[in-house]
Structure formats: structure tokens, C-alpha cells
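Coordinates from input.txt are shown below (compact mmCIF, C-alpha atoms).
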# COMPACT_ATOMS: atom_id res chain seq x y z
CA MET A 1271 -12.72 30.67 -13.06
CA ASN A 1272 -14.31 28.64 -10.26
CA ARG A 1273 -15.18 25.89 -12.72
CA LEU A 1274 -11.56 25.67 -13.87
CA ALA A 1275 -10.29 25.53 -10.28
CA ILE A 1276 -12.74 22.76 -9.38
CA THR A 1277 -11.82 20.79 -12.51
CA LEU A 1278 -8.09 21.08 -11.76
CA LEU A 1279 -8.66 20.05 -8.14
CA LEU A 1280 -10.58 16.96 -9.26
CA ILE A 1281 -7.86 16.03 -11.73
CA PHE A 1282 -5.10 16.35 -9.12
CA THR A 1283 -6.98 14.39 -6.45
CA THR A 1284 -7.51 11.61 -8.98
CA LEU A 1285 -3.88 11.53 -10.13
CA LEU A 1286 -2.14 11.80 -6.74
CA PRO A 1287 -3.22 8.41 -5.38
CA ALA A 1288 -2.05 6.72 -8.57
CA ALA A 1289 1.33 8.45 -8.30
CA ALA A 1290 1.88 7.03 -4.82
CA GLN A 1291 2.81 3.57 -6.01
CA LYS A 1292 4.29 4.69 -9.34
CA GLY A 1293 6.82 2.16 -10.58
CA LEU A 1294 5.34 -0.68 -8.52
CA CYS A 1295 3.46 -3.67 -9.91
CA VAL A 1296 0.82 -3.30 -7.16
CA ASN A 1297 -0.06 0.15 -8.55
CA THR A 1298 -2.66 -1.41 -10.87
CA PHE A 1299 -4.78 -2.54 -7.92
CA PHE A 1300 -5.16 0.83 -6.22
CA GLY A 1301 -7.72 3.47 -7.19
CA ASN A 1302 -9.66 1.36 -9.68
CA GLN A 1303 -12.76 0.24 -7.74
CA ILE A 1304 -12.19 -3.42 -8.56
CA ALA A 1305 -15.03 -5.90 -8.07
CA GLY A 1306 -14.08 -8.34 -5.32
CA ALA A 1307 -11.93 -5.73 -3.54
CA HIS A 1308 -12.48 -3.04 -0.89
CA GLU A 1309 -10.07 -0.09 -0.73
CA VAL A 1310 -9.31 2.48 1.98
CA HIS A 1311 -7.22 5.60 1.30
CA VAL A 1312 -6.23 7.97 4.11
CA THR A 1313 -4.18 11.17 3.90
CA GLY A 1314 -4.10 14.48 5.76
CA ALA A 1315 -4.92 14.83 9.47
CA PRO A 1316 -6.16 11.24 10.01
CA ALA A 1317 -2.92 9.83 8.56
CA ASP A 1318 -0.81 12.47 10.33
CA SER A 1319 -2.21 11.37 13.68
CA LEU A 1320 -0.46 8.01 13.12
CA GLY A 1321 2.72 9.55 11.76
CA LEU A 1322 1.86 8.58 8.19
CA TYR A 1323 1.79 10.71 5.07
CA ARG A 1324 -0.31 8.28 3.03
CA TYR A 1325 -2.11 5.05 3.94
CA ARG A 1326 -3.75 2.80 1.37
CA SER A 1327 -5.13 -0.64 1.98
CA ILE A 1328 -7.10 -2.97 -0.18
CA GLU A 1329 -8.72 -6.25 0.75
CA PHE A 1330 -9.40 -8.87 -1.90
CA THR A 1331 -11.93 -11.70 -1.76
CA ASP A 1332 -11.74 -12.82 -5.40
CA THR A 1333 -9.36 -15.80 -5.76
CA THR A 1334 -8.23 -14.84 -9.28
CA LEU A 1335 -7.36 -11.33 -8.10
CA MET A 1336 -5.50 -12.78 -5.10
CA THR A 1337 -3.19 -14.69 -7.44
CA ARG A 1338 -2.48 -11.54 -9.46
CA VAL A 1339 -1.85 -9.52 -6.28
CA THR A 1340 0.48 -12.18 -4.89
CA ASN A 1341 2.48 -12.16 -8.15
CA ALA A 1342 2.69 -8.34 -8.12
CA VAL A 1343 3.79 -8.28 -4.46
CA THR A 1344 6.41 -10.94 -5.18
CA ALA A 1345 7.80 -8.86 -8.08
CA ASP A 1346 7.85 -5.64 -6.04
CA GLY A 1347 9.20 -7.46 -3.00
CA ALA A 1348 12.16 -8.73 -5.02
CA ARG A 1349 13.28 -5.08 -5.38
CA ALA A 1350 12.61 -4.14 -1.74
CA ASP A 1351 15.41 -2.58 0.29
CA GLN A 1352 14.44 -4.79 3.24
CA LYS A 1353 11.86 -7.50 3.74
CA GLU A 1354 10.54 -9.78 6.42
CA LEU A 1355 8.53 -12.84 5.39
CA ASP A 1356 6.50 -15.36 7.36
CA MET A 1357 6.00 -18.50 5.26
CA ARG A 1358 3.29 -21.08 5.87
CA ASN A 1359 2.77 -24.21 3.81
CA GLY A 1360 5.26 -22.94 1.21
CA HIS A 1361 3.36 -19.65 0.71
CA VAL A 1362 3.89 -16.15 2.06
CA TYR A 1363 1.46 -15.59 4.92
CA TYR A 1364 2.86 -12.20 5.97
CA GLY A 1365 5.25 -9.91 4.14
CA PHE A 1366 6.68 -6.63 5.35
CA TYR A 1367 8.60 -4.78 2.65
CA GLN A 1368 10.56 -1.55 2.90
CA LEU A 1369 10.72 -0.01 -0.56
CA ALA A 1370 12.98 2.66 -2.04
CA PRO A 1371 12.24 6.11 -0.58
CA ILE A 1372 10.62 8.89 -2.60
CA PRO A 1373 10.94 12.68 -2.31
CA HIS A 1374 8.56 14.24 0.22
CA PRO A 1375 6.09 16.37 -1.76
CA ASP A 1376 5.68 18.95 1.05
CA LYS A 1377 9.19 19.12 2.51
CA PRO A 1378 12.10 19.78 0.16
CA ARG A 1379 15.22 17.73 0.89
CA LYS A 1380 13.23 15.17 2.91
CA GLN A 1381 12.20 11.71 1.81
CA LEU A 1382 9.30 9.42 2.58
CA ILE A 1383 9.95 5.75 3.22
CA ARG A 1384 7.53 3.47 1.40
CA TYR A 1385 6.28 0.25 2.98
CA MET A 1386 4.15 -2.57 1.67
CA ILE A 1387 2.45 -5.04 4.01
CA TYR A 1388 0.93 -8.24 2.66
CA LEU A 1389 -1.29 -10.62 4.62
CA ASP A 1390 -2.76 -13.75 3.04
CA HIS A 1391 -5.56 -14.81 5.37
CA ARG A 1392 -5.85 -18.14 3.50
CA GLN A 1393 -2.58 -19.18 5.19
CA ALA A 1394 -3.76 -18.16 8.68
CA PRO A 1395 -4.32 -20.70 11.49
CA GLN A 1396 -8.06 -20.11 10.94
CA PRO A 1397 -8.13 -19.58 7.15
CA ALA A 1398 -10.39 -17.02 5.51
CA ASN A 1399 -10.75 -16.36 1.79
CA ARG A 1400 -9.23 -12.88 1.75
CA LEU A 1401 -5.94 -11.13 1.18
CA THR A 1402 -4.92 -7.69 2.48
CA LEU A 1403 -2.38 -5.35 0.92
CA VAL A 1404 -1.28 -2.13 2.65
CA TYR A 1405 0.85 0.62 1.11
CA LEU A 1406 2.31 3.38 3.31
CA GLU A 1407 4.40 6.49 2.93
CA THR A 1408 5.96 7.86 6.11
CA ASP A 1409 9.15 9.12 7.67
CA LEU A 1410 8.87 6.51 10.44
CA ASN A 1411 11.37 3.66 10.65
CA ALA A 1412 10.30 0.05 10.15
CA ARG A 1413 10.12 -0.69 13.90
CA CYS A 1414 7.65 2.17 14.44
CA VAL A 1415 5.51 1.14 11.47
CA LYS A 1416 5.32 -2.45 12.75
CA ARG A 1417 4.26 -1.17 16.17
CA ILE A 1418 1.34 0.70 14.58
CA PHE A 1419 0.07 -2.44 12.89
CA LYS A 1420 0.59 -5.01 15.64
Step by step, read the file and then write its structure as C-alpha cells.
Amino acid sequence: MNRLAITLLLIFTTLLPAAAQKGLCVNTFFGNQIAGAHEVHVTGAPADSLGLYRYRSIEFTDTTLMTRVTNAVTADGARADQKELDMRNGHVYYGFYQLAPIPHPDKPRKQLIRYMIYLDHRQAPQPANRLTLVYLETDLNARCVKRIFK
């Protein structure tokens, strides 16, 4: 019985992160331990302390991956409910996207707002060869989320 419970727990903890970005092009980059990328995933009490339900970020240093990520963000961003873009040299330097809400898994009749934050450090005043993508689920409004990350 214990073995079955442990196996089910492992299966669910593996599947839940993938479900977070379900339906988004950026989903393929999360949870796959990609070479040239570093991922952080925070849920539970550490995320709650910031008012977040789920926090995922991934930083890319591989140029080929950066192009794929930029294309995926552009596709997902086109369907965003709201977006704020900072363009530099004809490229997106910073993108803040509010995506369609999803049902809250722990609170019936409540929804989580999904946000995607994109930062291309190659377009920064002091360029660096890296790109950061953040995915959030929260009930905070956009103004509050921006305040957390400023």
C-alpha cells in the first residue's frame, strides 16, 4: 500500500507542473531539464509568502533555445488578455503578459490569474547572453505582481 501511495505521489508531482502552462507554447520549456537552461519552481509556503500560488522561472543561455523561447512567447503573447512591451532595437526587451485565468485547484469558484514575464538580457543597456522567462499563477492583480518583481 505504501509503495502505491508513493508511486501515485511521484506521478502527481511530475504531472502538476506540466499542467500549469497547459495550452501555452512555452509549456515545452518547463520541467524538462534542458541543457543551456536553469529552472526554478516554487509552490506552497514559499510562494504563498509572496501571494503566489505557483512560480516558475527559467533562464536560457543557449542562443538557439532563446530564439525558440522568443517565438513561443510571441505566440502566447498574441493571445494574452493584456500585455505591456518594452521594445529595444526592434526586439522585445521586456514583456509582461496577463493570460486567461484558470480555475483555482484548491478553492472552488475562484480563479487564478496567469502571468508571463519575459526579459531578453541581450537587449539590455549592458547586454548579457541570457533570456529569462517567468510564469506565475496568483490571485493578485497586475499592479501587485509588477511590484513584486521591480
Region 1298-1309 of chain A, all listed atoms, 3 Å padding on each side: what axis-aligned box centre and edge lengths in Å to one decimal come out, as lines of an AutoDock Vina configuration file?
center_x = -8.8
center_y = -2.4
center_z = -5.8
size_x = 18.4
size_y = 17.8
size_z = 16.1
So which residues touch Ala1305 (chain A) within 10 Å, counting all atoms listed in the file, skipping near sequence neighbours fewer than 4 positions away, as an mmCIF file with C-alpha atoms, in the frame of the given file?
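Saved to part_2.cif:
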data_model
loop_
_atom_site.group_PDB
_atom_site.id
_atom_site.type_symbol
_atom_site.label_atom_id
_atom_site.label_comp_id
_atom_site.auth_asym_id
_atom_site.auth_seq_id
_atom_site.Cartn_x
_atom_site.Cartn_y
_atom_site.Cartn_z
ATOM 1 C CA PHE A 1330 -9.400 -8.870 -1.900
ATOM 2 C CA THR A 1331 -11.930 -11.700 -1.760
ATOM 3 C CA ASP A 1332 -11.740 -12.820 -5.400
ATOM 4 C CA LEU A 1335 -7.360 -11.330 -8.100
#
Which residues of region 1298-1334 of chain A come within 12 Å of region 1391-1400 of chain A, and what is each one's closest atom pair and distance in Å (one decimal), counting all atoms listed in the file, sorted by chain and residue number, as JSON lines?
{"residue": "A:Gly1306", "atom": "CA", "partner": "A:Arg1400", "partner_atom": "CA", "distance": 9.7}
{"residue": "A:Ala1307", "atom": "CA", "partner": "A:Arg1400", "partner_atom": "CA", "distance": 9.3}
{"residue": "A:His1308", "atom": "CA", "partner": "A:Arg1400", "partner_atom": "CA", "distance": 10.7}
{"residue": "A:Ile1328", "atom": "CA", "partner": "A:Arg1400", "partner_atom": "CA", "distance": 10.3}
{"residue": "A:Glu1329", "atom": "CA", "partner": "A:Arg1400", "partner_atom": "CA", "distance": 6.7}
{"residue": "A:Phe1330", "atom": "CA", "partner": "A:Arg1400", "partner_atom": "CA", "distance": 5.4}
{"residue": "A:Thr1331", "atom": "CA", "partner": "A:Arg1400", "partner_atom": "CA", "distance": 4.6}
{"residue": "A:Asp1332", "atom": "CA", "partner": "A:Arg1400", "partner_atom": "CA", "distance": 7.6}
{"residue": "A:Thr1333", "atom": "CA", "partner": "A:Asn1399", "partner_atom": "CA", "distance": 7.7}
{"residue": "A:Thr1334", "atom": "CA", "partner": "A:Arg1400", "partner_atom": "CA", "distance": 11.2}
Test item: residues at most 10 Å from Lys1416 (chain A), all atoms listed in the file, excluding those fewer than 4 positions along its chain, as a list in words |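 The residues that qualify are Phe1366, Ile1387, Leu1410, Asn1411, Ala1412 and Lys1420 of chain A.
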Rank A:Tyr1325, A:Tyr1388, A:Tyr1405, A:Phe1299 by their smallest atom-to-atom distance to Asp1356 (chain A), using all atoms listed in the file, and report the top residue only.
->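 So, comparing all the options, the nearest one is A:Tyr1388.
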What gap, in Å, lies between CA of Pro1375 (chain A) and CA of Thr1402 (chain A)?
->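 Computed distance, CA of Pro1375 (chain A) to CA of Thr1402 (chain A), equals 26.8 Å.
A straight line drawn from CA of Arg1326 (chain A) to CA of Met1357 (chain A) is 23.7 Å long.
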When distances are computed from only C-alpha atoms, which of A:Thr1337, A:Tyr1323, A:Gly1301, A:Asp1409 shows the smallest separation from Lys1380 (chain A)?
-> A:Asp1409
Residue among A:Leu1401, A:Ala1350, A:Ile1418, A:Ala1315 lying closest to Tyr1385 (chain A), counting all atoms listed in the file |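 Residue with the minimum atom-to-atom distance to Tyr1385 (chain A): A:Ala1350.
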Please indicate the distance in Å from CA of Ala1345 (chain A) to CA of Leu1320 (chain A), rounded to one decimal place.
->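 According to the coordinates, CA of Ala1345 (chain A) and CA of Leu1320 (chain A) are separated by 28.3 Å.
Point (3.7, -16.8, 0.6) has the following residues at most 10 Å away: Thr1340, Asn1341, Val1343, Thr1344, Leu1355, Asp1356, Met1357, Arg1358, Asn1359, Gly1360, His1361, Val1362, Tyr1363, Tyr1364, Gly1365, Tyr1388, Leu1389, Asp1390 and Gln1393 of chain A (atoms considered: all atoms listed in the file).
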Pull C-alpha atoms from the residues just selected and write them as a PDB file, in the coordinates of the input.
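Heads up, here's the output in again16.pdb:
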ATOM      1  CA  THR A1340       0.480 -12.180  -4.890  1.00  0.00           C
ATOM      2  CA  ASN A1341       2.480 -12.160  -8.150  1.00  0.00           C
ATOM      3  CA  VAL A1343       3.790  -8.280  -4.460  1.00  0.00           C
ATOM      4  CA  THR A1344       6.410 -10.940  -5.180  1.00  0.00           C
ATOM      5  CA  LEU A1355       8.530 -12.840   5.390  1.00  0.00           C
ATOM      6  CA  ASP A1356       6.500 -15.360   7.360  1.00  0.00           C
ATOM      7  CA  MET A1357       6.000 -18.500   5.260  1.00  0.00           C
ATOM      8  CA  ARG A1358       3.290 -21.080   5.870  1.00  0.00           C
ATOM      9  CA  ASN A1359       2.770 -24.210   3.810  1.00  0.00           C
ATOM     10  CA  GLY A1360       5.260 -22.940   1.210  1.00  0.00           C
ATOM     11  CA  HIS A1361       3.360 -19.650   0.710  1.00  0.00           C
ATOM     12  CA  VAL A1362       3.890 -16.150   2.060  1.00  0.00           C
ATOM     13  CA  TYR A1363       1.460 -15.590   4.920  1.00  0.00           C
ATOM     14  CA  TYR A1364       2.860 -12.200   5.970  1.00  0.00           C
ATOM     15  CA  GLY A1365       5.250  -9.910   4.140  1.00  0.00           C
ATOM     16  CA  TYR A1388       0.930  -8.240   2.660  1.00  0.00           C
ATOM     17  CA  LEU A1389      -1.290 -10.620   4.620  1.00  0.00           C
ATOM     18  CA  ASP A1390      -2.760 -13.750   3.040  1.00  0.00           C
ATOM     19  CA  GLN A1393      -2.580 -19.180   5.190  1.00  0.00           C
TER      20      GLN A1393
END
Contacts of Ile1383 (chain A) at 7 Å (all atoms listed in the file; same-chain gap of 5+ positions) as a list in words =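 Using all atoms listed in the file, the neighbours found are Leu1369, Ala1370, Pro1371, Ile1372, Glu1407, Thr1408 and Asp1409 of chain A.
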